[in-house]
file structure10.csv (CSV, C-alpha atoms and all ligand atoms)
chain,number,residue,atom,x,y,z
B,1,MET,CA,-57.9,29.6,50.8
B,2,LYS,CA,-57.5,32.7,53.0
B,3,VAL,CA,-60.6,34.4,54.3
B,4,LYS,CA,-61.4,37.5,56.3
B,5,ALA,CA,-63.5,36.6,59.3
B,6,ALA,CA,-64.8,38.3,62.4
B,7,VAL,CA,-63.7,36.0,65.2
B,8,ILE,CA,-64.9,35.7,68.8
B,9,SER,CA,-62.0,34.3,70.9
B,10,GLU,CA,-63.7,34.1,74.2
B,11,ILE,CA,-67.1,34.6,75.8
B,12,ASN,CA,-68.1,38.3,76.2
B,13,GLN,CA,-65.3,39.5,73.9
B,14,ALA,CA,-65.7,41.8,70.9
B,15,TYR,CA,-65.4,40.6,67.4
B,16,ARG,CA,-61.9,40.9,66.0
B,17,PHE,CA,-60.9,40.5,62.4
B,18,GLU,CA,-58.5,37.7,61.4
B,19,THR,CA,-57.3,36.1,58.3
B,20,LEU,CA,-58.1,32.4,58.6
B,21,ASN,CA,-57.6,29.3,56.4
B,22,LEU,CA,-60.8,27.9,55.0
B,23,ALA,CA,-60.8,24.1,54.5
B,24,GLU,CA,-60.8,22.4,51.1
B,25,LEU,CA,-64.4,22.0,49.8
B,26,LYS,CA,-65.9,18.6,50.5
B,27,ASP,CA,-67.9,16.7,47.9
B,28,ASP,CA,-71.2,17.6,49.4
B,29,GLU,CA,-70.4,21.3,50.1
B,30,VAL,CA,-70.9,24.6,48.4
B,31,ARG,CA,-68.4,27.5,48.6
B,32,VAL,CA,-70.2,30.8,48.9
B,33,LYS,CA,-68.7,34.3,48.6
B,34,ILE,CA,-70.7,36.2,51.2
B,35,VAL,CA,-72.3,39.4,50.1
B,36,ALA,CA,-74.1,40.3,53.3
B,37,THR,CA,-75.2,38.8,56.6
B,38,GLY,CA,-77.8,39.7,59.2
B,39,ILE,CA,-76.8,39.6,62.9
B,40,CYS,CA,-79.4,37.5,64.8
B,41,HIS,CA,-80.0,38.0,68.5
B,42,SER,CA,-78.8,34.3,68.8
B,43,ASP,CA,-75.3,35.4,67.7
B,44,ASP,CA,-75.1,37.8,70.6
B,45,ALA,CA,-76.6,35.2,73.0
B,46,LEU,CA,-73.8,32.9,72.1
B,47,ARG,CA,-71.2,35.6,72.3
B,48,LEU,CA,-72.4,36.6,75.8
B,49,GLY,CA,-72.2,33.0,76.9
B,50,HIS,CA,-76.0,32.4,77.2
B,51,ALA,CA,-75.9,29.2,75.2
B,52,GLY,CA,-72.7,27.3,76.1
B,53,PHE,CA,-71.0,27.5,72.7
B,54,PRO,CA,-67.3,26.8,72.5
B,55,PHE,CA,-64.9,29.6,71.3
B,56,PRO,CA,-62.9,30.7,69.3
B,57,ALA,CA,-65.6,30.7,66.6
B,58,VAL,CA,-66.8,32.5,63.5
B,59,LEU,CA,-70.5,33.1,64.2
B,60,GLY,CA,-73.2,34.3,61.7
B,61,HIS,CA,-76.1,32.3,60.3
B,62,GLU,CA,-78.1,34.8,58.2
B,63,GLY,CA,-75.8,34.9,55.2
B,64,SER,CA,-76.5,35.7,51.5
B,65,GLY,CA,-74.0,35.5,48.7
B,66,ILE,CA,-72.9,34.0,45.4
B,67,VAL,CA,-71.8,30.4,44.8
B,68,GLU,CA,-68.2,30.2,43.8
B,69,LYS,CA,-67.7,26.5,43.5
B,70,VAL,CA,-69.6,23.2,44.3
B,71,GLY,CA,-68.4,19.8,45.4
B,72,SER,CA,-68.8,16.8,43.0
B,73,ALA,CA,-71.9,15.4,44.8
B,74,VAL,CA,-73.8,18.7,44.8
B,75,LYS,CA,-76.8,18.6,42.4
B,76,HIS,CA,-79.1,21.6,42.8
B,77,VAL,CA,-76.8,24.6,42.8
B,78,GLN,CA,-73.9,25.8,40.6
B,79,ALA,CA,-71.3,28.5,40.5
B,80,GLY,CA,-72.8,31.9,39.9
B,81,ASP,CA,-76.1,31.1,41.6
B,82,HIS,CA,-77.4,33.7,44.1
B,83,VAL,CA,-78.2,32.1,47.4
B,84,VAL,CA,-79.5,32.7,50.9
B,85,LEU,CA,-78.1,30.5,53.7
B,86,ALA,CA,-80.2,28.9,56.4
B,87,TYR,CA,-79.6,25.9,58.7
B,88,ALA,CA,-78.2,22.5,57.7
B,89,TYR,CA,-80.1,19.2,57.8
B,90,CYS,CA,-79.6,15.6,56.8
B,91,HIS,CA,-82.5,15.1,54.3
B,92,HIS,CA,-83.1,11.4,55.2
B,93,CYS,CA,-83.9,11.0,58.9
B,94,GLU,CA,-87.5,10.3,59.9
B,95,HIS,CA,-88.2,14.0,60.7
B,96,CYS,CA,-86.6,15.3,57.5
B,97,SER,CA,-88.5,12.7,55.6
B,98,GLU,CA,-91.8,13.9,57.2
B,99,GLY,CA,-91.0,17.5,56.1
B,100,ILE,CA,-89.8,18.9,59.5
B,101,PRO,CA,-86.0,19.4,58.9
B,102,ALA,CA,-85.8,21.8,61.8
B,103,ALA,CA,-86.3,18.6,63.9
B,104,CYS,CA,-83.6,16.7,62.0
B,105,GLN,CA,-82.1,14.1,64.3
B,106,ASP,CA,-78.6,15.5,63.3
B,107,TRP,CA,-79.6,19.1,63.8
B,108,LEU,CA,-77.4,19.8,66.8
B,109,GLU,CA,-74.4,18.0,65.3
B,110,LEU,CA,-74.8,19.7,61.9
B,111,ASN,CA,-75.5,23.2,63.2
B,112,TRP,CA,-73.8,23.4,66.7
B,113,GLY,CA,-71.1,20.8,66.1
B,114,SER,CA,-68.3,23.4,65.5
B,115,VAL,CA,-66.4,21.1,63.1
B,116,HIS,CA,-67.5,18.6,60.4
B,117,SER,CA,-69.1,15.3,61.4
B,118,ASP,CA,-65.8,13.6,60.5
B,119,GLY,CA,-64.0,15.8,63.0
B,120,SER,CA,-62.2,18.0,60.4
B,121,PRO,CA,-62.3,21.8,61.0
B,122,PHE,CA,-63.8,24.5,58.7
B,123,PHE,CA,-61.4,27.2,59.8
B,124,THR,CA,-57.8,27.1,61.1
B,125,ARG,CA,-55.3,29.8,62.1
B,126,ASP,CA,-51.8,29.7,60.6
B,127,ASP,CA,-50.5,27.9,63.8
B,128,GLY,CA,-52.9,25.0,63.0
B,129,SER,CA,-55.4,25.8,65.8
B,130,VAL,CA,-59.1,25.3,65.0
B,131,VAL,CA,-61.6,28.1,64.9
B,132,ASN,CA,-65.2,26.7,65.3
B,133,ASN,CA,-68.0,26.9,62.8
B,134,PHE,CA,-71.6,27.8,63.6
B,135,PHE,CA,-74.8,26.5,61.7
B,136,HIS,CA,-72.5,24.9,59.1
B,137,GLN,CA,-72.4,28.5,57.9
B,138,SER,CA,-70.3,31.0,59.8
B,139,SER,CA,-71.4,33.9,57.6
B,140,PHE,CA,-69.3,36.5,59.5
B,141,ALA,CA,-66.6,35.7,56.9
B,142,SER,CA,-65.8,36.7,53.3
B,143,HIS,CA,-66.2,33.1,52.1
B,144,THR,CA,-67.6,30.0,53.7
B,145,ASN,CA,-68.3,26.3,52.9
B,146,VAL,CA,-71.9,25.2,53.5
B,147,LYS,CA,-73.9,22.0,52.9
B,148,GLU,CA,-76.3,21.9,50.0
B,149,SER,CA,-79.2,21.8,52.5
B,150,ASN,CA,-78.1,25.2,53.8
B,151,VAL,CA,-78.7,26.8,50.5
B,152,ILE,CA,-81.8,28.5,49.0
B,153,LYS,CA,-81.5,29.7,45.4
B,154,VAL,CA,-83.0,33.1,44.8
B,155,SER,CA,-83.6,35.2,41.7
B,156,LYS,CA,-80.6,37.3,40.5
B,157,ASP,CA,-82.8,40.5,40.2
B,158,LEU,CA,-83.3,40.6,44.0
B,159,ASP,CA,-81.1,42.7,46.2
B,160,LEU,CA,-79.0,40.1,48.0
B,161,ARG,CA,-78.0,42.5,50.7
B,162,LEU,CA,-81.6,42.4,52.1
B,163,LEU,CA,-82.2,38.7,52.0
B,164,GLY,CA,-79.9,37.1,54.7
B,165,PRO,CA,-82.3,37.8,57.7
B,166,LEU,CA,-85.0,35.8,55.9
B,167,SER,CA,-83.2,32.6,56.8
B,168,CYS,CA,-83.3,32.8,60.6
B,169,GLY,CA,-85.0,35.7,62.5
B,170,LEU,CA,-87.7,36.4,60.0
B,171,MET,CA,-88.4,32.7,59.1
B,172,THR,CA,-88.5,31.9,62.8
B,173,GLY,CA,-91.2,34.5,63.5
B,174,VAL,CA,-93.3,33.7,60.5
B,175,GLY,CA,-93.0,29.9,60.9
B,176,THR,CA,-93.8,30.0,64.6
B,177,VAL,CA,-97.2,31.5,63.8
B,178,ILE,CA,-98.0,29.6,60.7
B,179,ASN,CA,-96.4,26.1,61.3
B,180,GLY,CA,-96.1,26.1,65.1
B,181,LEU,CA,-99.3,27.8,66.4
B,182,LYS,CA,-101.2,27.3,63.2
B,183,ALA,CA,-103.0,30.5,63.9
B,184,ARG,CA,-106.6,30.6,62.6
B,185,PRO,CA,-108.4,33.5,60.9
B,186,GLY,CA,-110.4,35.6,63.4
B,187,SER,CA,-108.2,34.6,66.4
B,188,SER,CA,-106.3,36.7,68.9
B,189,ILE,CA,-102.6,36.7,69.5
B,190,ALA,CA,-100.1,38.5,71.8
B,191,ILE,CA,-96.5,38.9,70.8
B,192,PHE,CA,-94.0,39.7,73.5
B,193,GLY,CA,-90.9,41.4,72.1
B,194,THR,CA,-91.0,43.3,68.9
B,195,GLY,CA,-87.5,42.7,67.5
B,196,ALA,CA,-87.0,41.0,64.2
B,197,VAL,CA,-88.5,37.7,65.3
B,198,GLY,CA,-91.5,39.3,67.0
B,199,LEU,CA,-92.3,41.7,64.2
B,200,ALA,CA,-92.1,38.9,61.6
B,201,ALA,CA,-94.5,36.8,63.8
B,202,MET,CA,-96.8,39.8,63.9
B,203,MET,CA,-96.8,40.3,60.1
B,204,ALA,CA,-97.5,36.5,59.8
B,205,ALA,CA,-100.4,36.8,62.2
B,206,LYS,CA,-101.9,39.5,60.0
B,207,ILE,CA,-101.4,37.4,56.9
B,208,SER,CA,-103.0,34.5,58.7
B,209,GLY,CA,-106.1,36.6,59.4
B,210,CYS,CA,-105.8,37.1,63.2
B,211,SER,CA,-108.2,39.9,64.1
B,212,THR,CA,-106.6,40.9,67.4
B,213,ILE,CA,-102.8,41.3,67.3
B,214,ILE,CA,-101.3,42.7,70.5
B,215,ALA,CA,-97.6,43.7,70.5
B,216,VAL,CA,-95.8,44.1,73.8
B,217,ASP,CA,-92.3,45.6,74.2
B,218,ILE,CA,-90.4,48.1,76.4
B,219,HIS,CA,-89.3,50.4,73.4
B,220,ASP,CA,-91.9,52.9,72.1
B,221,ALA,CA,-90.1,53.2,68.8
B,222,ARG,CA,-90.4,49.4,68.1
B,223,LEU,CA,-94.1,49.5,69.2
B,224,GLU,CA,-94.8,52.4,66.8
B,225,LEU,CA,-93.3,50.3,64.0
B,226,ALA,CA,-95.4,47.3,65.2
B,227,LYS,CA,-98.5,49.4,64.9
B,228,GLU,CA,-97.5,50.5,61.4
B,229,LEU,CA,-96.9,46.8,60.4
B,230,GLY,CA,-100.3,45.6,61.6
B,231,ALA,CA,-100.6,45.4,65.4
B,232,THR,CA,-104.2,46.2,66.4
B,233,HIS,CA,-103.0,47.1,70.0
B,234,ILE,CA,-99.6,48.0,71.4
B,235,ILE,CA,-98.5,47.8,75.1
B,236,ASN,CA,-95.4,49.3,76.6
B,237,SER,CA,-94.9,46.9,79.6
B,238,LYS,CA,-92.3,49.1,81.2
B,239,ASN,CA,-95.0,51.4,82.4
B,240,SER,CA,-98.1,49.3,82.4
B,241,ASP,CA,-99.5,45.9,83.4
B,242,ALA,CA,-99.5,43.9,80.1
B,243,ALA,CA,-101.5,41.0,81.5
B,244,GLU,CA,-104.3,43.3,82.8
B,245,LEU,CA,-104.4,45.2,79.5
B,246,ILE,CA,-104.6,42.0,77.4
B,247,ARG,CA,-107.5,40.8,79.5
B,248,GLU,CA,-109.3,44.1,79.0
B,249,ILE,CA,-108.7,44.0,75.2
B,250,THR,CA,-110.1,40.5,75.0
B,251,GLN,CA,-113.1,41.0,77.3
B,252,GLN,CA,-111.4,39.0,80.0
B,253,LYS,CA,-111.1,35.9,77.8
B,254,GLY,CA,-107.4,36.0,77.1
B,255,VAL,CA,-105.7,35.4,73.7
B,256,ASN,CA,-105.8,32.2,71.6
B,257,TYR,CA,-102.0,32.4,71.0
B,258,SER,CA,-98.9,34.0,72.4
B,259,VAL,CA,-95.3,34.1,71.4
B,260,ASP,CA,-92.4,35.1,73.7
B,261,THR,CA,-89.3,36.4,72.0
B,262,THR,CA,-87.8,38.0,75.1
B,263,GLY,CA,-86.6,35.0,77.0
B,264,VAL,CA,-87.3,36.9,80.3
B,265,THR,CA,-88.8,34.6,83.0
B,266,VAL,CA,-91.6,36.9,84.0
B,267,VAL,CA,-92.5,37.7,80.5
B,268,MET,CA,-92.6,34.0,79.5
B,269,LYS,CA,-94.9,33.4,82.4
B,270,THR,CA,-97.2,36.3,81.4
B,271,ALA,CA,-97.4,34.9,77.9
B,272,LEU,CA,-98.8,31.7,79.4
B,273,ASP,CA,-101.1,33.5,81.9
B,274,VAL,CA,-102.8,35.7,79.3
B,275,LEU,CA,-103.9,32.7,77.2
B,276,ALA,CA,-107.6,31.9,76.8
B,277,ILE,CA,-108.9,28.4,77.5
B,278,ARG,CA,-107.2,26.1,75.0
B,279,GLY,CA,-104.7,28.8,74.2
B,280,VAL,CA,-101.2,27.9,73.0
B,281,THR,CA,-98.0,29.8,73.8
B,282,ALA,CA,-94.6,29.4,72.0
B,283,PRO,CA,-91.6,30.6,74.0
B,284,ILE,CA,-88.9,30.7,71.4
B,285,ALA,CA,-86.1,32.9,72.7
B,286,VAL,CA,-82.5,31.7,73.0
B,287,THR,CA,-82.2,32.3,76.7
B,288,ASN,CA,-80.5,31.0,79.8
B,289,GLN,CA,-83.5,31.9,82.0
B,290,GLU,CA,-85.8,29.3,83.3
B,291,LEU,CA,-89.5,29.1,83.9
B,292,THR,CA,-91.3,27.2,86.7
B,293,ILE,CA,-94.9,26.2,86.2
B,294,ASN,CA,-97.6,24.3,88.0
B,295,THR,CA,-98.8,21.8,85.3
B,296,LEU,CA,-102.3,21.6,86.9
B,297,THR,CA,-103.1,25.3,87.5
B,298,ASP,CA,-101.0,26.8,84.7
B,299,LEU,CA,-101.8,24.3,82.0
B,300,ALA,CA,-104.3,21.4,82.6
B,301,LEU,CA,-107.1,23.3,84.3
B,302,SER,CA,-107.5,25.6,81.3
B,303,SER,CA,-106.5,23.0,78.6
B,304,LYS,CA,-103.5,25.3,77.7
B,305,ASN,CA,-100.6,24.2,75.7
B,306,MET,CA,-96.9,25.3,75.6
B,307,ILE,CA,-94.9,24.3,72.5
B,308,GLY,CA,-91.2,24.4,71.5
B,309,VAL,CA,-90.7,25.7,68.0
B,310,LEU,CA,-87.2,25.7,66.4
B,311,MET,CA,-86.5,27.8,63.3
B,312,GLY,CA,-90.3,28.3,62.9
B,313,SER,CA,-90.5,24.6,62.1
B,314,SER,CA,-89.8,25.8,58.6
B,315,VAL,CA,-88.4,24.2,55.5
B,316,PRO,CA,-86.2,27.1,54.3
B,317,GLN,CA,-86.4,26.1,50.6
B,318,LEU,CA,-90.2,26.5,50.8
B,319,SER,CA,-90.5,29.3,53.4
B,320,ILE,CA,-88.1,31.8,51.9
B,321,PRO,CA,-89.7,32.0,48.4
B,322,LYS,CA,-93.1,32.3,50.2
B,323,MET,CA,-91.8,35.2,52.3
B,324,LEU,CA,-90.5,36.9,49.1
B,325,GLU,CA,-94.0,36.5,47.5
B,326,PHE,CA,-95.5,38.2,50.6
B,327,PHE,CA,-92.9,40.9,50.4
B,328,LYS,CA,-93.6,41.6,46.7
B,329,ALA,CA,-97.3,41.7,47.5
B,330,GLY,CA,-96.6,44.4,50.2
B,331,GLN,CA,-97.8,42.1,53.0
B,332,PHE,CA,-94.3,41.5,54.5
B,333,PRO,CA,-92.3,44.7,54.3
B,334,PHE,CA,-89.3,43.2,56.2
B,335,ASP,CA,-86.9,45.8,54.6
B,336,LYS,CA,-88.3,48.3,57.2
B,337,LEU,CA,-86.6,46.4,59.9
B,338,ILE,CA,-83.1,46.5,58.3
B,339,LYS,CA,-80.2,48.9,58.8
B,340,MET,CA,-77.0,48.2,56.9
B,341,TYR,CA,-73.5,48.5,58.3
B,342,ASP,CA,-70.1,48.0,56.9
B,343,PHE,CA,-68.6,44.5,57.9
B,344,ASP,CA,-65.8,46.4,59.7
B,345,ASP,CA,-68.4,48.0,62.0
B,346,ILE,CA,-69.7,44.6,63.3
B,347,ASN,CA,-69.1,45.6,67.0
B,348,GLN,CA,-71.2,48.8,66.5
B,349,ALA,CA,-73.9,46.9,64.8
B,350,SER,CA,-74.0,44.3,67.6
B,351,ALA,CA,-74.2,47.1,70.2
B,352,ASP,CA,-77.0,48.8,68.4
B,353,SER,CA,-79.0,45.6,68.2
B,354,LEU,CA,-78.5,44.9,71.9
B,355,SER,CA,-79.4,48.5,72.9
B,356,GLY,CA,-82.6,48.3,70.8
B,357,LYS,CA,-81.5,51.1,68.5
B,358,THR,CA,-81.4,48.8,65.4
B,359,ILE,CA,-83.9,46.0,64.9
B,360,LYS,CA,-82.1,44.0,62.3
B,361,PRO,CA,-78.5,44.9,61.5
B,362,VAL,CA,-77.2,43.7,58.2
B,363,LEU,CA,-73.4,43.7,57.6
B,364,ILE,CA,-72.2,44.4,54.0
B,365,VAL,CA,-69.4,42.0,53.5
B,366,ASP,CA,-68.8,42.5,49.8
B,367,LYS,CA,-68.8,46.3,49.2
B,368,ASP,CA,-68.5,45.8,45.4
B,369,TYR,CA,-71.8,43.9,45.1
B,370,ARG,CA,-74.3,45.6,42.8
B,371,VAL,CA,-77.9,44.4,42.1
B,401,LIG,N1,-86.4,29.4,68.4
B,401,LIG,C1,-85.6,29.7,67.4
B,401,LIG,O1,-85.5,28.9,66.4
B,401,LIG,C2,-85.0,31.1,67.3
B,401,LIG,C3,-84.5,31.5,66.0
B,401,LIG,C4,-84.0,32.8,65.9
B,401,LIG,C5,-84.0,33.6,67.0
B,401,LIG,N2,-84.4,33.1,68.2
B,401,LIG,C6,-84.4,34.0,69.4
B,401,LIG,O2,-85.6,34.8,69.4
B,401,LIG,C7,-85.3,35.9,70.3
B,401,LIG,C8,-85.8,37.2,69.6
B,401,LIG,O3,-84.8,37.5,68.6
B,401,LIG,P1,-84.7,39.0,68.0
B,401,LIG,O4,-83.7,39.0,66.9
B,401,LIG,O5,-86.1,39.4,67.6
B,401,LIG,O6,-84.2,39.7,69.3
B,401,LIG,P2,-84.4,41.2,69.8
B,401,LIG,O7,-83.5,41.4,70.9
B,401,LIG,O8,-84.4,42.2,68.6
B,401,LIG,O9,-85.9,41.2,70.3
B,401,LIG,C9,-86.3,41.0,71.6
B,401,LIG,C10,-87.3,42.1,72.0
B,401,LIG,O10,-87.8,41.8,73.3
B,401,LIG,C11,-87.9,43.1,74.0
B,401,LIG,N3,-87.9,42.9,75.4
B,401,LIG,C12,-86.8,42.6,76.2
B,401,LIG,N4,-87.1,42.5,77.5
B,401,LIG,C13,-88.5,42.7,77.5
B,401,LIG,C14,-89.4,42.7,78.6
B,401,LIG,N5,-89.1,42.5,79.8
B,401,LIG,N6,-90.7,43.0,78.2
B,401,LIG,C15,-91.1,43.2,77.0
B,401,LIG,N7,-90.2,43.2,75.9
B,401,LIG,C16,-88.9,42.9,76.2
B,401,LIG,C17,-86.7,43.9,73.4
B,401,LIG,O11,-87.0,45.3,73.6
B,401,LIG,C18,-86.7,43.5,72.0
B,401,LIG,O12,-87.5,44.4,71.2
B,401,LIG,C19,-83.9,35.8,70.7
B,401,LIG,O13,-83.7,35.2,71.9
B,401,LIG,C20,-83.3,35.0,69.6
B,401,LIG,O14,-82.1,34.4,70.0
B,401,LIG,C21,-84.9,31.9,68.3
B,402,ZN,ZN,-80.8,33.2,64.4
B,403,ZN,ZN,-82.6,14.8,59.2

call {"tool": "encode", "arguments": {"input": "structure10.csv", "output": "structure tokens", "more": "lines below"}}
Ligand SMILES: NC(=O)c1ccc[n+]([C@@H]2O[C@H](COP(=O)([O-])OP(=O)(O)OC[C@H]3O[C@@H](n4cnc5c(N)ncnc54)[C@H](O)[C@@H]3O)[C@@H](O)[C@H]2O)c1
Ligand SMILES: [Zn+2]
Ligand SMILES: [Zn+2]
result
Amino acid sequence: MKVKAAVISEINQAYRFETLNLAELKDDEVRVKIVATGICHSDDALRLGHAGFPFPAVLGHEGSGIVEKVGSAVKHVQAGDHVVLAYAYCHHCEHCSEGIPAACQDWLELNWGSVHSDGSPFFTRDDGSVVNNFFHQSSFASHTNVKESNVIKVSKDLDLRLLGPLSCGLMTGVGTVINGLKARPGSSIAIFGTGAVGLAAMMAAKISGCSTIIAVDIHDARLELAKELGATHIINSKNSDAAELIREITQQKGVNYSVDTTGVTVVMKTALDVLAIRGVTAPIAVTNQELTINTLTDLALSSKNMIGVLMGSSVPQLSIPKMLEFFKAGQFPFDKLIKMYDFDDINQASADSLSGKTIKPVLIVDKDYRV
């Protein structure tokens, strides 16, 4: 079938709309008519060449929509279901079996593989050339084929336009604190970068009962929102020394946990330096910047820990319903982060995300959708 897609042809180029051919649905796939999709900072990181992804490609991995058709082997969803789309996983490797599908042994092949595992493409141009897929999802398109593992069924009375960002940015922030750091009640945490991922991490820290929650950013407007959403302290590190202030706030002990969402070398180092003895830091940005540490003085002498957390180590089919429960209870007001844009304005939405003007842009792909 023909689909409308926002295509990136080369690194650092703008999105351009094209009509592409979407492949026939495979037996284990689900065809989804996209209603809306978030733009994640990772989409921009790829577009800007920070993650070595091959172009041309259709990006987008925070989609929500309505199932149009399912393959013969699909068991748990059917046409008409309302769904949120997250990452793909295999279901049967040792890590999936142990309940950590974000560590699936096929994760890279399934989500960054660009084409199907059998080598066949998802999208082609009329001249036969291949346009790559991202996350087995490519939600910057009117329709897409995903795996059953990408799909999370949601209730039809929810506004699908709001739900896409739950599946990457928000799930990553929440899961990093709950599954990755396993933050304890009464503990202290510093969150560097208060974009969608950082603010979700912060709300999860509050839900987890952290008693000192320090938000650090360089945008006052984002920090004000952080305060509204539960930060006990905010620091604008553009005009102050965050490390010194964090030590003051914690009576020179440092924090039990920190999360870096900036990917900036000096900030990732500060996030490690401000840890208390036995503290844990999770640097989770998609970044091309590197960090040099001395394992003795930076880690071992204070029994500190640095962990890698992908997708918040979350099982999307469990995490998204939980986030929706927190939302209904007023503990996770993620709608305050969202600004909606018409799909045609994707370049403006991306620019507003990069400039800091918009925290979480959501593109409305299906203008006729009504709750
Ligand atoms: N590990 C994962 O599984 C995973 C999943 C999703 C997103 N990510 C990554 O997480 C990161 C955050 O995503 P996001 O959507 O919240 O992005 P974002 O750009 O909205 O947020 C980053 C924040 O960092 C702030 N910042 C930048 N430089 C800073 C500095 N020097 N000091 C203090 N603050 C600074 C920015 O002002 C911004 O508010 C991105 O790199 C994204 O690609 C990782
Ligand atoms: Zn993402
Ligand atoms: Zn697996």

call {"tool": "residues_around", "arguments": {"input": "structure10.csv", "residues": "Gly65 (chain B)", "least_positions_apart": "4", "cutoff": "10 Å", "atoms": "only C-alpha atoms", "output": "MDAnalysis selection string"}}
result
chainID B and resid 31:37 80:85 139 142:144 160:161 163:164 365:366 369

call {"tool": "residues_around", "arguments": {"input": "structure10.csv", "residues": "region 97-102 of chain B", "least_positions_apart": "2", "cutoff": "12 Å", "atoms": "all atoms listed in the file", "output": "PyMOL selection string"}}
result
chain B and resi 86-95+104-108+110-111+135+149-150+168+171-172+175-176+179-180+308-318

call {"tool": "write_last_selection", "arguments": {"input": "structure10.csv", "atoms": "C-alpha atoms", "output": "PDB file, keeping the file's coordinate frame"}}
result
ATOM      1  CA  ALA B  86     -80.200  28.900  56.400  1.00  0.00           C
ATOM      2  CA  TYR B  87     -79.600  25.900  58.700  1.00  0.00           C
ATOM      3  CA  ALA B  88     -78.200  22.500  57.700  1.00  0.00           C
ATOM      4  CA  TYR B  89     -80.100  19.200  57.800  1.00  0.00           C
ATOM      5  CA  CYS B  90     -79.600  15.600  56.800  1.00  0.00           C
ATOM      6  CA  HIS B  91     -82.500  15.100  54.300  1.00  0.00           C
ATOM      7  CA  HIS B  92     -83.100  11.400  55.200  1.00  0.00           C
ATOM      8  CA  CYS B  93     -83.900  11.000  58.900  1.00  0.00           C
ATOM      9  CA  GLU B  94     -87.500  10.300  59.900  1.00  0.00           C
ATOM     10  CA  HIS B  95     -88.200  14.000  60.700  1.00  0.00           C
ATOM     11  CA  CYS B 104     -83.600  16.700  62.000  1.00  0.00           C
ATOM     12  CA  GLN B 105     -82.100  14.100  64.300  1.00  0.00           C
ATOM     13  CA  ASP B 106     -78.600  15.500  63.300  1.00  0.00           C
ATOM     14  CA  TRP B 107     -79.600  19.100  63.800  1.00  0.00           C
ATOM     15  CA  LEU B 108     -77.400  19.800  66.800  1.00  0.00           C
ATOM     16  CA  LEU B 110     -74.800  19.700  61.900  1.00  0.00           C
ATOM     17  CA  ASN B 111     -75.500  23.200  63.200  1.00  0.00           C
ATOM     18  CA  PHE B 135     -74.800  26.500  61.700  1.00  0.00           C
ATOM     19  CA  SER B 149     -79.200  21.800  52.500  1.00  0.00           C
ATOM     20  CA  ASN B 150     -78.100  25.200  53.800  1.00  0.00           C
ATOM     21  CA  CYS B 168     -83.300  32.800  60.600  1.00  0.00           C
ATOM     22  CA  MET B 171     -88.400  32.700  59.100  1.00  0.00           C
ATOM     23  CA  THR B 172     -88.500  31.900  62.800  1.00  0.00           C
ATOM     24  CA  GLY B 175     -93.000  29.900  60.900  1.00  0.00           C
ATOM     25  CA  THR B 176     -93.800  30.000  64.600  1.00  0.00           C
ATOM     26  CA  ASN B 179     -96.400  26.100  61.300  1.00  0.00           C
ATOM     27  CA  GLY B 180     -96.100  26.100  65.100  1.00  0.00           C
ATOM     28  CA  GLY B 308     -91.200  24.400  71.500  1.00  0.00           C
ATOM     29  CA  VAL B 309     -90.700  25.700  68.000  1.00  0.00           C
ATOM     30  CA  LEU B 310     -87.200  25.700  66.400  1.00  0.00           C
ATOM     31  CA  MET B 311     -86.500  27.800  63.300  1.00  0.00           C
ATOM     32  CA  GLY B 312     -90.300  28.300  62.900  1.00  0.00           C
ATOM     33  CA  SER B 313     -90.500  24.600  62.100  1.00  0.00           C
ATOM     34  CA  SER B 314     -89.800  25.800  58.600  1.00  0.00           C
ATOM     35  CA  VAL B 315     -88.400  24.200  55.500  1.00  0.00           C
ATOM     36  CA  PRO B 316     -86.200  27.100  54.300  1.00  0.00           C
ATOM     37  CA  GLN B 317     -86.400  26.100  50.600  1.00  0.00           C
ATOM     38  CA  LEU B 318     -90.200  26.500  50.800  1.00  0.00           C
TER      39      LEU B 318
END

call {"tool": "closest_residue", "arguments": {"input": "structure10.csv", "among": "B:Gly49, B:Gly60, B:Gly254, B:Gly263", "to": "ligand ZN 402 (chain B)", "atoms": "only C-alpha atoms and all ligand atoms"}}
result
B:Gly60

call {"tool": "atom_distance", "arguments": {"input": "structure10.csv", "atom1": "atom ZN of ligand ZN 402 (chain B)", "atom2": "CA of Ser355 (chain B)"}}
result
17.6 Å

call {"tool": "residues_near_point", "arguments": {"input": "structure10.csv", "point": "(-77.2, 23.1, 44.6)", "cutoff": "10 Å", "atoms": "all atoms listed in the file", "output": "count of residues only"}}
result
22

call {"tool": "closest_residue", "arguments": {"input": "structure10.csv", "among": "B:Asp298, B:Arg125, B:Asp260, B:Ser303", "to": "Ala282 (chain B)", "atoms": "all atoms listed in the file"}}
result
B:Asp260

call {"tool": "residues_around", "arguments": {"input": "structure10.csv", "residues": "Ile218 (chain B)", "least_positions_apart": "6", "cutoff": "12 Å", "atoms": "only C-alpha atoms", "output": "tab-separated table (two decimals) with C-alpha atoms, keeping the file's coordinate frame"}}
result
chain	number	residue	atom	x	y	z
B	192	PHE	CA	-94.00	39.70	73.50
B	193	GLY	CA	-90.90	41.40	72.10
B	194	THR	CA	-91.00	43.30	68.90
B	195	GLY	CA	-87.50	42.70	67.50
B	224	GLU	CA	-94.80	52.40	66.80
B	234	ILE	CA	-99.60	48.00	71.40
B	235	ILE	CA	-98.50	47.80	75.10
B	236	ASN	CA	-95.40	49.30	76.60
B	237	SER	CA	-94.90	46.90	79.60
B	238	LYS	CA	-92.30	49.10	81.20
B	239	ASN	CA	-95.00	51.40	82.40
B	240	SER	CA	-98.10	49.30	82.40
B	241	ASP	CA	-99.50	45.90	83.40
B	242	ALA	CA	-99.50	43.90	80.10
B	262	THR	CA	-87.80	38.00	75.10
B	267	VAL	CA	-92.50	37.70	80.50
B	355	SER	CA	-79.40	48.50	72.90
B	356	GLY	CA	-82.60	48.30	70.80
